[in-house]
file protein31.cif (mmCIF, C-alpha atoms)
data_my_file
#
loop_
_atom_site.label_atom_id
_atom_site.label_comp_id
_atom_site.auth_asym_id
_atom_site.auth_seq_id
_atom_site.Cartn_x
_atom_site.Cartn_y
_atom_site.Cartn_z
CA MET A 1 0.00 0.00 0.00
CA SER A 2 2.75 2.45 0.87
CA ARG A 3 4.58 1.67 -2.34
CA SER A 4 1.42 2.32 -4.38
CA LEU A 5 0.80 5.62 -2.60
CA ALA A 6 4.38 6.69 -3.22
CA ALA A 7 4.03 5.91 -6.92
CA ASP A 8 0.77 7.87 -7.13
CA ALA A 9 2.33 10.82 -5.35
CA LEU A 10 4.99 11.09 -8.04
CA VAL A 11 2.50 11.50 -10.91
CA ARG A 12 1.64 15.12 -10.20
CA ALA A 13 2.29 18.45 -11.83
CA ARG A 14 1.25 21.90 -10.65
CA ILE A 15 -0.77 23.55 -13.42
CA PRO A 16 -2.54 26.82 -12.49
CA ALA A 17 -6.17 26.83 -13.60
CA ASP A 18 -6.99 30.46 -12.79
CA LEU A 19 -4.88 32.29 -15.37
CA ASP A 20 -7.92 33.93 -16.97
CA THR A 21 -9.69 34.70 -13.70
CA PRO A 22 -10.15 38.48 -13.30
CA ASP A 23 -8.61 40.14 -10.25
CA ARG A 24 -10.75 41.12 -7.28
CA VAL A 25 -10.30 44.82 -6.59
CA VAL A 26 -12.86 45.79 -3.93
CA MET A 27 -15.09 43.76 -1.60
CA GLY A 28 -14.46 40.61 -3.62
CA LEU A 29 -15.73 42.23 -6.82
CA THR A 30 -13.94 42.49 -10.14
CA VAL A 31 -13.52 45.72 -12.06
CA ARG A 32 -16.44 44.81 -14.34
CA GLN A 33 -18.75 43.99 -11.44
CA ALA A 34 -17.78 47.16 -9.56
CA ALA A 35 -18.40 49.28 -12.66
CA ILE A 36 -21.88 47.79 -13.19
CA LEU A 37 -22.86 48.34 -9.56
CA ALA A 38 -21.43 51.87 -9.59
CA ALA A 39 -23.38 52.72 -12.76
CA ALA A 40 -26.59 51.65 -11.00
CA ALA A 41 -25.69 53.19 -7.64
CA VAL A 42 -25.22 56.73 -9.02
CA PRO A 43 -28.82 57.24 -10.23
CA ILE A 44 -30.19 55.51 -7.12
CA TYR A 45 -28.18 57.85 -4.90
CA LEU A 46 -29.31 60.91 -6.87
CA ALA A 47 -32.94 59.79 -6.65
CA TRP A 48 -32.69 59.37 -2.88
CA HIS A 49 -30.87 62.68 -2.52
CA LEU A 50 -33.42 64.66 -4.54
CA LEU A 51 -36.66 62.89 -3.60
CA ALA A 52 -36.08 61.87 0.02
CA ASP A 53 -37.94 64.96 1.31
CA ARG A 54 -40.76 64.76 -1.24
CA LEU A 55 -41.74 61.06 -1.27
CA PRO A 56 -42.33 58.57 1.53
CA LEU A 57 -39.39 56.28 2.12
CA PRO A 58 -41.36 53.08 1.37
CA VAL A 59 -42.41 54.47 -2.02
CA LEU A 60 -38.88 55.60 -2.85
CA ALA A 61 -37.44 52.23 -1.80
CA ALA A 62 -40.00 50.36 -3.90
CA ALA A 63 -39.16 52.53 -6.91
CA THR A 64 -35.38 52.05 -6.69
CA ALA A 65 -35.30 48.43 -5.52
CA PRO A 66 -35.92 46.90 -9.01
CA LEU A 67 -32.99 48.85 -10.48
CA ALA A 68 -30.72 47.71 -7.67
CA ALA A 69 -31.89 44.09 -8.02
CA VAL A 70 -31.35 44.05 -11.79
CA ALA A 71 -27.88 45.63 -11.48
CA THR A 72 -26.88 43.12 -8.79
CA ALA A 73 -28.14 40.18 -10.87
CA ILE A 74 -26.25 41.38 -13.96
CA ALA A 75 -23.06 42.03 -11.98
CA VAL A 76 -22.82 38.78 -10.02
CA GLY A 77 -25.05 36.43 -12.05
CA ARG A 78 -23.74 33.77 -14.42
CA ARG A 79 -25.31 31.55 -17.05
CA ASP A 80 -23.74 28.77 -19.11
CA GLY A 81 -20.39 29.50 -17.46
CA ILE A 82 -20.17 33.17 -18.51
CA SER A 83 -21.13 36.38 -16.77
CA LEU A 84 -24.71 37.50 -17.18
CA ASP A 85 -23.82 40.83 -18.81
CA ALA A 86 -21.74 39.05 -21.47
CA TRP A 87 -24.56 36.55 -21.98
CA LEU A 88 -27.13 39.32 -22.45
CA LEU A 89 -24.83 41.18 -24.85
CA ALA A 90 -24.37 38.01 -26.90
CA ALA A 91 -28.13 37.44 -26.95
CA ILE A 92 -28.83 40.98 -28.15
CA THR A 93 -26.11 40.73 -30.81
CA HIS A 94 -27.49 37.41 -32.01
CA ARG A 95 -31.00 38.84 -32.18
CA ARG A 96 -29.88 41.82 -34.27
CA THR A 97 -27.62 39.79 -36.58
CA PRO A 98 -29.02 38.99 -40.06
CA ARG A 99 -29.94 35.35 -40.53
CA ARG A 100 -29.41 35.41 -44.30
CA LEU A 101 -25.78 35.83 -45.37
CA VAL A 102 -24.37 36.11 -48.89
CA PRO A 103 -20.71 35.84 -50.01
CA VAL A 104 -20.54 39.48 -51.22
CA ALA A 105 -22.17 42.70 -50.08
CA PRO A 106 -25.73 42.69 -51.46
CA ALA A 107 -26.51 45.50 -53.87
CA ARG A 108 -30.22 45.01 -53.29
CA ASP A 109 -32.34 43.48 -50.58
CA ALA A 110 -32.55 40.17 -52.41
CA ALA A 111 -30.89 36.80 -52.01
CA PRO A 112 -29.26 34.86 -54.88
CA SER A 113 -31.56 32.89 -57.19
CA TRP A 114 -30.47 29.55 -55.71
CA ALA A 115 -31.26 30.59 -52.11
CA PRO A 116 -34.42 29.23 -50.42
CA ALA A 117 -37.55 31.33 -50.22
CA HIS A 118 -37.61 34.14 -47.68
CA THR A 119 -39.50 33.31 -44.48
CA PRO A 120 -39.99 36.42 -42.32
CA ALA A 121 -41.15 34.30 -39.38
CA THR A 122 -37.73 32.76 -38.92
CA THR A 123 -35.37 35.48 -40.17
CA THR A 124 -34.81 39.15 -39.52
CA GLY A 125 -35.54 40.05 -43.14
CA ARG A 126 -32.10 41.65 -43.64
CA LEU A 127 -29.16 40.41 -45.66
CA GLY A 128 -25.65 40.37 -44.31
CA VAL A 129 -22.18 39.65 -45.61
CA LEU A 130 -20.82 36.16 -44.98
CA ARG A 131 -17.55 36.67 -43.12
CA LEU A 132 -15.66 33.46 -42.45
CA PRO A 133 -13.19 33.38 -39.55
CA ALA A 134 -10.27 32.20 -41.70
CA SER A 135 -9.49 34.34 -44.73
CA ASP A 136 -6.33 32.65 -46.00
CA ILE A 137 -4.02 29.64 -45.54
CA ASP A 138 -0.40 30.27 -46.45
CA GLY A 139 2.12 27.75 -47.70
CA ASP A 140 3.16 26.78 -44.17
CA GLY A 141 -0.43 25.93 -43.21
CA VAL A 142 -0.99 29.02 -41.02
CA LEU A 143 -4.58 30.26 -40.97
CA SER A 144 -5.04 34.02 -41.18
CA LEU A 145 -7.83 35.28 -38.91
CA GLY A 146 -7.42 38.98 -39.54
CA SER A 147 -5.63 40.34 -36.49
CA SER A 148 -4.42 36.88 -35.42
CA ALA A 149 -3.06 33.67 -36.94
CA VAL A 150 -3.47 29.99 -36.08
CA ALA A 151 -1.20 27.04 -36.81
CA LEU A 152 -2.45 23.48 -36.43
CA VAL A 153 -0.56 20.58 -34.85
CA ALA A 154 -1.60 16.94 -35.22
CA ALA A 155 -0.85 14.82 -32.15
CA SER A 156 -1.33 11.20 -31.19
CA THR A 157 -2.26 9.71 -27.84
CA ILE A 158 0.17 7.84 -25.59
CA THR A 159 -0.31 4.69 -23.52
CA SER A 160 0.96 5.89 -20.17
CA ASN A 161 -0.59 2.92 -18.33
CA LEU A 162 2.16 0.70 -19.73
CA ASN A 163 4.87 2.86 -18.20
CA THR A 164 6.32 2.76 -14.74
CA GLY A 165 5.45 5.30 -12.06
CA ALA A 166 8.63 7.26 -12.65
CA GLU A 167 7.98 7.37 -16.42
CA GLN A 168 4.40 8.52 -15.86
CA ALA A 169 5.64 11.24 -13.52
CA ALA A 170 8.11 12.41 -16.16
CA GLN A 171 5.37 12.53 -18.79
CA VAL A 172 2.97 14.47 -16.57
CA ALA A 173 5.76 16.88 -15.59
CA ALA A 174 6.67 17.47 -19.26
CA TYR A 175 3.02 18.05 -20.11
CA GLY A 176 2.75 20.50 -17.23
CA ARG A 177 5.85 22.36 -18.40
CA TRP A 178 4.29 22.74 -21.84
CA LEU A 179 1.07 24.16 -20.37
CA ASN A 180 2.93 26.53 -18.06
CA ALA A 181 5.19 27.75 -20.89
CA LEU A 182 2.39 28.58 -23.33
CA PRO A 183 2.80 32.21 -24.49
CA GLY A 184 -0.72 32.42 -25.93
CA PRO A 185 -4.06 30.64 -26.16
CA VAL A 186 -4.30 27.10 -27.52
CA GLN A 187 -7.26 24.88 -28.29
CA ILE A 188 -7.13 21.09 -28.05
CA VAL A 189 -9.75 19.50 -30.30
CA VAL A 190 -10.48 15.78 -29.88
CA SER A 191 -12.75 14.55 -32.66
CA ALA A 192 -13.97 11.16 -33.82
CA ARG A 193 -15.12 10.15 -37.28
CA ARG A 194 -16.11 6.91 -38.97
CA VAL A 195 -13.35 4.79 -40.49
CA ASP A 196 -13.79 3.54 -44.05
CA LEU A 197 -12.52 0.01 -43.56
CA GLY A 198 -13.88 -1.07 -46.93
CA GLU A 199 -11.40 1.12 -48.79
CA ARG A 200 -8.56 -0.18 -46.64
CA ALA A 201 -9.64 -3.75 -47.27
CA VAL A 202 -9.62 -3.17 -51.04
CA ARG A 203 -6.12 -1.69 -50.89
CA ILE A 204 -4.85 -4.65 -48.87
CA ALA A 205 -6.43 -7.12 -51.27
CA ASP A 206 -4.93 -5.36 -54.29
CA ALA A 207 -1.50 -5.31 -52.66
CA SER A 208 -1.70 -9.03 -51.85
CA HIS A 209 -1.05 -9.94 -55.49
CA ALA A 210 2.41 -8.36 -55.27
CA LEU A 211 3.49 -10.31 -52.16
CA PRO A 212 6.37 -12.74 -52.75
CA HIS A 213 4.80 -15.74 -50.98
CA GLU A 214 1.40 -17.37 -51.32
CA ALA A 215 0.99 -17.65 -47.55
CA LEU A 216 1.49 -13.91 -47.15
CA ALA A 217 -1.07 -13.23 -49.87
CA THR A 218 -3.57 -15.53 -48.16
CA ALA A 219 -2.99 -13.80 -44.82
CA ALA A 220 -3.50 -10.40 -46.45
CA VAL A 221 -6.80 -11.49 -48.02
CA ASP A 222 -7.93 -12.93 -44.68
CA HIS A 223 -7.10 -9.65 -43.00
CA ALA A 224 -9.09 -7.78 -45.67
CA TRP A 225 -12.11 -9.99 -44.98
CA PHE A 226 -11.63 -9.38 -41.25
CA LEU A 227 -11.80 -5.63 -41.85
CA LEU A 228 -14.98 -6.04 -43.90
CA ASP A 229 -16.58 -8.15 -41.17
CA LEU A 230 -15.52 -5.61 -38.56
CA ALA A 231 -17.05 -2.75 -40.54
CA ASP A 232 -20.27 -4.72 -41.05
CA ALA A 233 -20.68 -5.77 -37.41
CA HIS A 234 -19.56 -2.54 -35.73
CA ASP A 235 -19.27 1.16 -36.38
CA PRO A 236 -15.52 1.75 -36.02
CA LEU A 237 -14.34 5.25 -35.23
CA GLU A 238 -10.94 6.88 -35.32
CA ARG A 239 -9.89 9.61 -32.93
CA THR A 240 -7.87 12.59 -34.01
CA ILE A 241 -6.27 15.23 -31.81
CA THR A 242 -5.60 18.67 -33.26
CA ILE A 243 -3.98 21.51 -31.35
CA ALA A 244 -4.57 25.06 -32.57
CA CYS A 245 -1.84 27.50 -31.55
CA THR A 246 -2.93 31.15 -31.80
CA ALA A 247 -0.68 34.21 -32.09
CA THR A 248 -2.03 37.75 -31.80
CA THR A 249 1.21 39.71 -31.51
CA PRO A 250 4.38 39.20 -33.56
CA THR A 251 7.76 38.49 -32.07
CA PRO A 252 10.00 41.60 -32.25
CA THR A 253 12.62 41.00 -34.93
CA GLY A 254 13.86 44.50 -35.70
CA ASP A 255 13.12 44.01 -39.40
CA ARG A 256 10.79 46.82 -40.47
CA ARG A 257 10.33 45.33 -43.93
CA THR A 258 8.29 42.45 -42.54
CA SER A 259 4.57 43.24 -42.42
CA PRO A 260 2.71 42.64 -39.13
CA ARG A 261 0.55 39.98 -40.77
CA VAL A 262 3.56 37.96 -41.90
CA ALA A 263 5.22 38.40 -38.51
CA ILE A 264 2.13 37.12 -36.69
CA ALA A 265 1.94 34.12 -39.04
CA ARG A 266 5.58 33.30 -38.35
CA GLU A 267 4.96 33.57 -34.60
CA ALA A 268 2.00 31.16 -34.84
CA HIS A 269 4.11 28.69 -36.79
CA ARG A 270 6.93 29.01 -34.25
CA ARG A 271 4.55 28.31 -31.37
CA ALA A 272 3.15 25.29 -33.21
CA ALA A 273 6.66 23.93 -33.78
CA ALA A 274 7.47 24.43 -30.08
CA THR A 275 4.26 22.61 -29.14
CA ALA A 276 5.08 19.69 -31.41
CA GLN A 277 8.57 19.43 -29.92
CA ALA A 278 7.31 19.64 -26.33
CA LEU A 279 4.67 16.95 -26.84
CA ALA A 280 7.11 14.75 -28.74
CA ASP A 281 9.22 14.63 -25.58
CA ILE A 282 6.42 12.74 -23.78
CA GLY A 283 6.05 10.17 -26.57
CA SER A 284 3.34 11.72 -28.74
CA ARG A 285 3.82 11.71 -32.51
CA CYS A 286 3.32 15.34 -33.51
CA ARG A 287 3.81 17.42 -36.61
CA VAL A 288 2.80 20.87 -37.78
CA LEU A 289 0.24 20.62 -40.56
CA ASP A 290 1.01 22.16 -43.93
CA ALA A 291 -1.46 23.99 -46.17
CA ALA A 292 -3.00 20.88 -47.76
CA GLU A 293 -3.36 19.08 -44.41
CA ALA A 294 -4.84 22.17 -42.72
CA THR A 295 -7.37 22.43 -45.56
CA ALA A 296 -8.29 18.77 -45.09
CA VAL A 297 -8.75 19.29 -41.34
CA LEU A 298 -11.07 22.25 -41.89
CA THR A 299 -13.01 20.29 -44.50
CA ALA A 300 -13.47 17.36 -42.13
CA ALA A 301 -14.54 19.75 -39.36
CA THR A 302 -17.34 21.21 -41.51
CA ASP A 303 -18.41 17.85 -42.98
CA PRO A 304 -16.91 14.84 -41.16
CA PHE A 305 -18.49 12.33 -43.56
CA THR A 306 -16.62 13.39 -46.69
CA ALA A 307 -13.14 12.49 -47.86
CA THR A 308 -10.30 14.60 -46.48
CA ASP A 309 -7.83 13.93 -49.27
CA PRO A 310 -6.13 17.28 -50.09
CA ARG A 311 -6.30 16.35 -53.78
CA THR A 312 -10.12 16.25 -53.68
CA PRO A 313 -11.48 19.10 -55.85
CA ARG A 314 -13.15 21.89 -53.89
CA THR A 315 -16.40 23.67 -54.67
CA PRO A 316 -15.86 27.11 -56.26
CA PRO A 317 -16.79 30.05 -54.03
CA THR A 318 -19.79 31.08 -56.17
CA THR A 319 -21.28 27.57 -56.50
CA PRO A 320 -23.84 26.37 -53.91
CA VAL A 321 -22.94 23.17 -52.08
CA THR A 322 -25.52 20.39 -52.39
CA ALA A 323 -25.66 16.87 -50.99
CA PRO A 324 -24.93 14.12 -53.54
CA ASP A 325 -27.50 11.46 -54.33
CA THR A 326 -26.18 8.22 -52.83
CA SER A 327 -29.28 6.08 -53.41
CA TRP A 328 -27.77 4.39 -56.49
CA ASP A 329 -24.52 3.61 -54.69
CA ASP A 330 -26.40 2.06 -51.77
CA ALA A 331 -28.49 -0.06 -54.13
CA ALA A 332 -25.37 -1.22 -55.97
CA ILE A 333 -23.73 -2.21 -52.70
CA ASP A 334 -26.81 -4.19 -51.62
CA ALA A 335 -26.96 -5.95 -54.99
CA ASN A 336 -23.31 -7.00 -54.90
CA ARG A 337 -23.26 -8.32 -51.35
CA ASP A 338 -24.20 -11.86 -52.45
CA GLU A 339 -21.71 -12.07 -55.31
CA GLU A 340 -18.75 -14.39 -55.18
CA ASP A 341 -15.43 -13.49 -53.62
CA PRO A 342 -13.77 -10.85 -55.87
CA TRP A 343 -10.35 -11.89 -54.61
#

call {"tool": "encode", "arguments": {"input": "protein31.cif", "output": "structure tokens"}}
result
Amino acid sequence: MSRSLAADALVRARIPADLDTPDRVVMGLTVRQAAILAAAAVPIYLAWHLLADRLPLPVLAAATAPLAAVATAIAVGRRDGISLDAWLLAAITHRRTPRRLVPVAPARDAAPSWAPAHTPATTTGRLGVLRLPASDIDGDGVLSLGSSAVALVAASTITSNLNTGAEQAAQVAAYGRWLNALPGPVQIVVSARRVDLGERAVRIADASHALPHEALATAAVDHAWFLLDLADAHDPLERTITIACTATTPTPTGDRRTSPRVAIAREAHRRAAATAQALADIGSRCRVLDAAEATAVLTAATDPFTATDPRTPRTPPTTPVTAPDTSWDDAAIDANRDEEDPW
């Protein structure tokens, strides 16, 4: 028991979780909360100062109590993990935002010919410009977000349960050092998507003809059939881990010829490379994604059921995206299930 407790005590790393917590300045209140309460306290104080001699105190208290209650609720209240004032601002912004967006600024109050019919009951009736977060992907795979840039890192998981207590402690400590050394915000995205085992089985079966021995070819075909049976009996998924490293300010280089946009992109790529190196030290296979791989990741994020091959042709910006008709392909697959072994 003591040996187990000692091993568990080693696997620890101090990682502060309150980096983004605002400072408390007065009476346990943040600057934002104090400003909201002060903005409500000033008119309440003026009302009491001017009307205390003219109105009964119960009437004056009843008139100012709702304002004080609303200000207190907005200052200290929270919903969905965010402050209530930020939540209300987001709700108002969402309500006033146009529901119908077009790729270019509309010259008239009309949608393109291919757009669905206008339904005033569900839209605001106004057209807006479609502004995507990412405006460009450079050759290094860095996404331009206007005033900031993002570089993507692909990482794999590690099997720490197979390591000793000392090795696990070293991995946790290295992971903690990476978190503590982050110079800017990062986002760790863990996603799962279906695996197309049928395509892999076909590739294995085709490659079996080039194997030098008949036993190897037979084993390859058996493995292909195993993959087909696995895909038919289960719904296999593959997990991918993508780390987005964001840079908002460039690293000072002293070179005035470099534009701020290029400098921010270089800083994002540098942070991504540092992240890949830091996570590689704990056994994860990491690499910074290039332009084609970053495009494939974004494509899979918007539609996880399509191919992510960078060579796949993309839809032109002015062409509407429609879902393909897969009824014929499904019928063909059902008709060929009872055919003889193609291998």

call {"tool": "closest_atom_pairs", "arguments": {"input": "protein31.cif", "of": "range 246-293 of chain A", "to": "range 168-189 of chain A", "cutoff": "8 Å", "atoms": "all atoms listed in the file", "output": "JSON lines"}}
result
{"residue": "A:Thr246", "atom": "CA", "partner": "A:Pro185", "partner_atom": "CA", "distance": 5.8}
{"residue": "A:Ala247", "atom": "CA", "partner": "A:Gly184", "partner_atom": "CA", "distance": 6.4}
{"residue": "A:Thr275", "atom": "CA", "partner": "A:Trp178", "partner_atom": "CA", "distance": 7.3}
{"residue": "A:Ala278", "atom": "CA", "partner": "A:Trp178", "partner_atom": "CA", "distance": 6.2}
{"residue": "A:Leu279", "atom": "CA", "partner": "A:Tyr175", "partner_atom": "CA", "distance": 7.0}
{"residue": "A:Asp281", "atom": "CA", "partner": "A:Ala174", "partner_atom": "CA", "distance": 7.4}
{"residue": "A:Ile282", "atom": "CA", "partner": "A:Gln171", "partner_atom": "CA", "distance": 5.1}

call {"tool": "residues_around", "arguments": {"input": "protein31.cif", "residues": "Ile204 in chain A", "least_positions_apart": "5", "cutoff": "8 Å", "atoms": "only C-alpha atoms", "output": "PyMOL selection string"}}
result
chain A and resi 220-221+224

call {"tool": "closest_residue", "arguments": {"input": "protein31.cif", "among": "A:Ala73, A:Ser191, A:Asp53, A:Thr302", "to": "Ala154 in chain A", "atoms": "only C-alpha atoms"}}
result
A:Ser191

call {"tool": "residues_around", "arguments": {"input": "protein31.cif", "residues": "Ser148 in chain A", "least_positions_apart": "4", "cutoff": "8 Å", "atoms": "all atoms listed in the file", "output": "JSON, numbers by chain"}}
result
{"A": [144, 246, 247, 248, 249, 261, 264, 265]}

call {"tool": "write_last_selection", "arguments": {"input": "protein31.cif", "atoms": "C-alpha atoms", "output": "PDB file, in the frame of the given file"}}
result
ATOM      1  CA  SER A 144      -5.040  34.020 -41.180  1.00  0.00           C
ATOM      2  CA  THR A 246      -2.930  31.150 -31.800  1.00  0.00           C
ATOM      3  CA  ALA A 247      -0.680  34.210 -32.090  1.00  0.00           C
ATOM      4  CA  THR A 248      -2.030  37.750 -31.800  1.00  0.00           C
ATOM      5  CA  THR A 249       1.210  39.710 -31.510  1.00  0.00           C
ATOM      6  CA  ARG A 261       0.550  39.980 -40.770  1.00  0.00           C
ATOM      7  CA  ILE A 264       2.130  37.120 -36.690  1.00  0.00           C
ATOM      8  CA  ALA A 265       1.940  34.120 -39.040  1.00  0.00           C
TER       9      ALA A 265
END

call {"tool": "axis_aligned_box", "arguments": {"input": "protein31.cif", "around": "range 265-271 of chain A", "padding_each_side": "5 Å", "output": "lines of an AutoDock Vina configuration file"}}
result
center_x = 4.4
center_y = 31.2
center_z = -35.2
size_x = 15.0
size_y = 15.8
size_z = 17.7

call {"tool": "closest_residue", "arguments": {"input": "protein31.cif", "among": "A:Val102, A:Ala294, A:Val76, A:Ala274", "to": "Thr242 in chain A", "atoms": "only C-alpha atoms"}}
result
A:Ala294

call {"tool": "residues_around", "arguments": {"input": "protein31.cif", "residues": "Ala39 in chain A", "least_positions_apart": "6", "cutoff": "12 Å", "atoms": "all atoms listed in the file", "output": "list in words"}}
result
Arg32, Gln33, Tyr45, Leu46, Leu67, Ala68, Val70, Ala71, Thr72, Ile74 and Ala75 of chain A

call {"tool": "closest_residue", "arguments": {"input": "protein31.cif", "among": "A:Val129, A:Phe226, A:Arg239, A:Ala86", "to": "Arg99 in chain A", "atoms": "all atoms listed in the file"}}
result
A:Val129

call {"tool": "closest_residue", "arguments": {"input": "protein31.cif", "among": "A:Leu89, A:Gly198, A:Asp138, A:Pro98", "to": "Asp229 in chain A", "atoms": "only C-alpha atoms"}}
result
A:Gly198

call {"tool": "resolve_selection", "arguments": {"input": "protein31.cif", "expression": "the PyMOL selection byres ((chain A and resi 288) around 10)", "output": "PyMOL selection string"}}
result
chain A and resi 140-142+151-155+242-244+269-277+286-287+289-291+293-294

call {"tool": "atom_distance", "arguments": {"input": "protein31.cif", "atom1": "CA of Ile241 in chain A", "atom2": "CA of Val190 in chain A"}}
result
4.7 Å

call {"tool": "closest_residue", "arguments": {"input": "protein31.cif", "among": "A:Ala69, A:Leu88, A:Ala280, A:Ala201", "to": "Ile158 in chain A", "atoms": "only C-alpha atoms"}}
result
A:Ala280
